[in-house]
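Some notes on the structure that comes next.
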Amino acid sequence: MAYTRRDVSTLTRTERKRFVDALLKVKRSGEYDEFVRRHIEYYVPDGDDGLRTAHMTPSFLPWHRRFVLDMERALRRVDASVTIPYWDWTRDRSATGTPWTADLLGGTGRRSDHRVTTGPFAYATGHWTLRENVTDADFLTRDLGRPANPLPLPTKAELQSALDDPVYDMAPWDSTVRGFRNRLEGWGTGRGPGSWHNHNRVHRWVGGTMVTGASVNDPVFWLHHSFVDLQWTRWQNRHRDTRYLPEKPPRVGDDQYGRIIARHEKLPPWDMTPDEMEDMSAVYRYG
């Protein structure tokens with residue numbers, strides 16, 4: 001029977017505690033750090049050589065759908081009542097409200113070094129030491145809203161502009177194209193805030209650890225990507241005659257040959273295809 005992922009703002013105090021406790025137990029087991037390592041390994045920019053599966057590529061959405069599902073399964077092995085809630089950043093836009101409360105994710109980092117000092121994932125609790133990172137820091141950092149250089153979260157209108165695009169993706173299948181996938185992932189032209197949209201701007205708004213390839217170290221990663229996954233579901237329901245693209249892999253001689261995943265190709269590191277990840281209704285739904 002399919003279970004339900006809910007808006008994090010609707011969770012009861014008990015449900016918040018069970019979610020946090022499950023995260024902490026997965027962290028203690030060492031399994032959480034395996035997820036961090038995997039995301040770092042598969043974060044391959046389109047300016048680098050080699051296969052891209054997780055970012056700047058059509059498989060951004062199915063890759064993260066499976067990634068979040070794997071974490072959810074790890075949490076549910078600890079507590080079967082737990083699912084990964086989603087954070088609607090078009091509505092819950094305060095740096096002091098949900099999900100940044102002391103009983104959930106804790107708040108922003110201190111001014112000096114952005115180290116998180118409140119909540120269950122603060123370094124001082126002894127429960128959340130970063131062991132896999134792209135820097136030497138072993139504590140979680142955040143800079144919610146970037147007060148020194150304010151950056152707003154994406155609006156409903158900005159998210160809607162992605163949902164309105166009827167094409168999943170298009171050649172050259174990277175960070176330079178239009179289409180739903182890249183509009184949602186959020187790569188734009190130029191530099192600075194004007195080039196960050198939707199998914200990408202949320203990572204920048206949270207700041208600190210969330211700006212790096214080791215962003216999984218911040219538990220908000222899962223709430224953020226649960227909401228991103230919900231947008232793919234909404235887009236699928238809105239554009240029922242459309243599918244994941246490309247349907248077939250680029251040919252030899254194409255710049256993207258061997259660099260992206262077509263609909264029926266296996267999506268590393270799993271033995272599954274984007275086609276198999278398009279419909280999750282038998283596993284979970286969104287409330």
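Following the order of the structure tokens, chains are lettered A, B, ..., residues in each are numbered from 1, and ligands are numbered from 1.
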Taking a cut-off of 10 Å and counting only C-alpha atoms, can you build a table that, for each residue of range 48-119 of chain A near range 196-206 of chain A, reports the nearest atom pair and how far apart they are in Å (one decimal), sorted by chain then residue number, as a tab-separated table?
```
residue	atom	partner	partner_atom	distance
A:Trp89	CA	A:Val202	CA	7.8
A:Thr90	CA	A:Asn198	CA	9.4
A:Ala95	CA	A:Val206	CA	8.8
A:Thr108	CA	A:Val206	CA	8.2
A:Gly109	CA	A:Val206	CA	9.9
```
Point to revise | Filtered DSSP result for range 12-220 of chain A, state helix (DSSP H, G or I), as a PyMOL selection string | key: chain A and resi 13-29+31-42+60-78+123-125+156-163+180-185+193-195+198-206+208-211+215-217+220
Practice item. Point out the residue among A:Phe227, A:Tyr32, A:Tyr244, A:Trp235 with the least atom-to-atom distance to Glu276 in chain A, counting only C-alpha atoms. Key: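 For Glu276 in chain A, the nearest of the given residues is A:Tyr244.
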Review point. Nearest to Trp173 in chain A: which of A:Asp46, A:Glu132, A:Asp241, A:Glu265 is it, counting only C-alpha atoms?
Key: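 Closest to Trp173 in chain A, using only C-alpha atoms: A:Asp46.
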Can you list every residue of range 174-280 of chain A that has an atom at most 7 Å from range 57-80 of chain A, with its nearest atom pair and the distance in Å to one decimal, using only C-alpha atoms, ordered by chain then number, as CSV?
```
residue,atom,partner,partner_atom,distance
A:Asp174,CA,A:Thr57,CA,5.1
A:Arg181,CA,A:Pro58,CA,6.6
A:Trp222,CA,A:Val68,CA,6.5
A:Asp229,CA,A:Arg65,CA,6.3
A:Leu245,CA,A:Pro58,CA,6.8
A:Ile260,CA,A:Thr57,CA,6.5
A:Ile261,CA,A:Ser59,CA,6.4
A:Pro274,CA,A:Pro62,CA,5.6
A:Met277,CA,A:Pro62,CA,5.8
```
Exercise for review: Point out the residue among A:Leu184, A:Val252, A:Ala122, A:Ala54 with the least atom-to-atom distance to Pro154 in chain A, counting only C-alpha atoms.
Suggested key: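 Residue with the minimum atom-to-atom distance to Pro154 in chain A: A:Leu184.
Contact shell of Leu24 in chain A at 10 Å (only C-alpha atoms; same-chain neighbours under 4 positions omitted): A:Arg18, A:Phe19, A:Val20, A:Arg28, A:Ser29, A:Tyr32, A:Leu75, A:Pro120, A:Phe121, A:His127, A:Trp128.
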Keeping only N, CA, C and O atoms, write the selected residues as a compact mmCIF listing (two decimals), in the first residue's frame.
```txt
# COMPACT_ATOMS: atom_id res chain seq x y z
N ARG A 18 9.85 11.81 15.72
CA ARG A 18 10.12 10.50 15.13
C ARG A 18 10.97 10.64 13.88
O ARG A 18 11.87 9.81 13.63
N PHE A 19 10.72 11.67 13.08
CA PHE A 19 11.51 11.91 11.88
C PHE A 19 12.95 12.23 12.27
O PHE A 19 13.90 11.65 11.72
N VAL A 20 13.13 13.14 13.21
CA VAL A 20 14.48 13.51 13.66
C VAL A 20 15.19 12.31 14.27
O VAL A 20 16.37 12.04 13.97
N ARG A 28 24.01 7.54 13.10
CA ARG A 28 24.85 6.78 14.03
C ARG A 28 25.33 5.48 13.41
O ARG A 28 26.44 5.01 13.71
N SER A 29 24.52 4.89 12.56
CA SER A 29 24.89 3.61 11.95
C SER A 29 25.97 3.76 10.89
O SER A 29 26.56 2.76 10.46
N TYR A 32 24.13 7.11 6.85
CA TYR A 32 23.87 8.45 6.35
C TYR A 32 25.07 8.97 5.56
O TYR A 32 24.92 9.58 4.49
N LEU A 75 15.18 5.24 6.59
CA LEU A 75 14.47 5.79 7.74
C LEU A 75 13.33 4.87 8.17
O LEU A 75 13.10 4.66 9.37
N PRO A 120 18.65 19.68 16.85
CA PRO A 120 19.27 18.36 17.04
C PRO A 120 20.49 18.10 16.16
O PRO A 120 21.22 17.13 16.40
N PHE A 121 20.73 18.95 15.14
CA PHE A 121 21.85 18.73 14.24
C PHE A 121 23.00 19.70 14.49
O PHE A 121 23.94 19.77 13.70
N HIS A 127 25.80 14.65 18.02
CA HIS A 127 25.09 13.67 17.19
C HIS A 127 25.28 13.89 15.69
O HIS A 127 24.86 13.05 14.90
N TRP A 128 25.88 15.02 15.31
CA TRP A 128 25.90 15.34 13.87
C TRP A 128 27.26 15.92 13.46
O TRP A 128 27.40 17.09 13.15
```
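Pairwise distance (CA of Asp164 in chain A, CA of Thr233 in chain A) equals 13.1 Å.
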Check your understanding: Asp254 in chain A: which residues within 10 Å, counting only C-alpha atoms, same-chain residues fewer than 5 positions away excluded, as a PyMOL selection string?
Key -> chain A and resi 172+249+259
Review point. If we count only C-alpha atoms, what is near Asp88 in chain A at a cut-off of 10 Å, once residues fewer than 4 positions away on the same chain are taken out, given as a PyMOL selection string?
Key: chain A and resi 7-9+92-93+98-99+156+223-224+226-228+230
Check which residues of range 40-120 of chain A sit at most 12 Å from range 139-148 of chain A using only C-alpha atoms, and return one row each with the closest pair of atoms and their distance in Å to one decimal, ordered by chain and rising number, as JSON lines.
```
{"residue": "A:Trp89", "atom": "CA", "partner": "A:Gly145", "partner_atom": "CA", "distance": 11.9}
{"residue": "A:Arg93", "atom": "CA", "partner": "A:Gly145", "partner_atom": "CA", "distance": 9.2}
{"residue": "A:Ser94", "atom": "CA", "partner": "A:Gly145", "partner_atom": "CA", "distance": 8.6}
{"residue": "A:Ala95", "atom": "CA", "partner": "A:Leu144", "partner_atom": "CA", "distance": 5.8}
{"residue": "A:Thr96", "atom": "CA", "partner": "A:Leu144", "partner_atom": "CA", "distance": 9.0}
{"residue": "A:Gly97", "atom": "CA", "partner": "A:Leu144", "partner_atom": "CA", "distance": 11.3}
{"residue": "A:Pro99", "atom": "CA", "partner": "A:Leu144", "partner_atom": "CA", "distance": 11.6}
{"residue": "A:Trp100", "atom": "CA", "partner": "A:Leu144", "partner_atom": "CA", "distance": 9.4}
{"residue": "A:Leu105", "atom": "CA", "partner": "A:Leu140", "partner_atom": "CA", "distance": 11.1}
{"residue": "A:Gly106", "atom": "CA", "partner": "A:Arg142", "partner_atom": "CA", "distance": 10.1}
{"residue": "A:Gly107", "atom": "CA", "partner": "A:Arg142", "partner_atom": "CA", "distance": 8.0}
{"residue": "A:Thr108", "atom": "CA", "partner": "A:Arg142", "partner_atom": "CA", "distance": 5.2}
{"residue": "A:Gly109", "atom": "CA", "partner": "A:Arg142", "partner_atom": "CA", "distance": 4.8}
{"residue": "A:Arg110", "atom": "CA", "partner": "A:Asp143", "partner_atom": "CA", "distance": 8.1}
{"residue": "A:Arg111", "atom": "CA", "partner": "A:Asp143", "partner_atom": "CA", "distance": 8.3}
{"residue": "A:Ser112", "atom": "CA", "partner": "A:Asp143", "partner_atom": "CA", "distance": 10.6}
{"residue": "A:Asp113", "atom": "CA", "partner": "A:Thr141", "partner_atom": "CA", "distance": 7.7}
{"residue": "A:His114", "atom": "CA", "partner": "A:Thr141", "partner_atom": "CA", "distance": 5.0}
{"residue": "A:Arg115", "atom": "CA", "partner": "A:Thr141", "partner_atom": "CA", "distance": 4.4}
{"residue": "A:Val116", "atom": "CA", "partner": "A:Thr141", "partner_atom": "CA", "distance": 5.4}
{"residue": "A:Thr117", "atom": "CA", "partner": "A:Leu140", "partner_atom": "CA", "distance": 8.8}
{"residue": "A:Thr118", "atom": "CA", "partner": "A:Leu140", "partner_atom": "CA", "distance": 10.7}
{"residue": "A:Gly119", "atom": "CA", "partner": "A:Leu140", "partner_atom": "CA", "distance": 11.3}
{"residue": "A:Pro120", "atom": "CA", "partner": "A:Leu140", "partner_atom": "CA", "distance": 11.1}
```
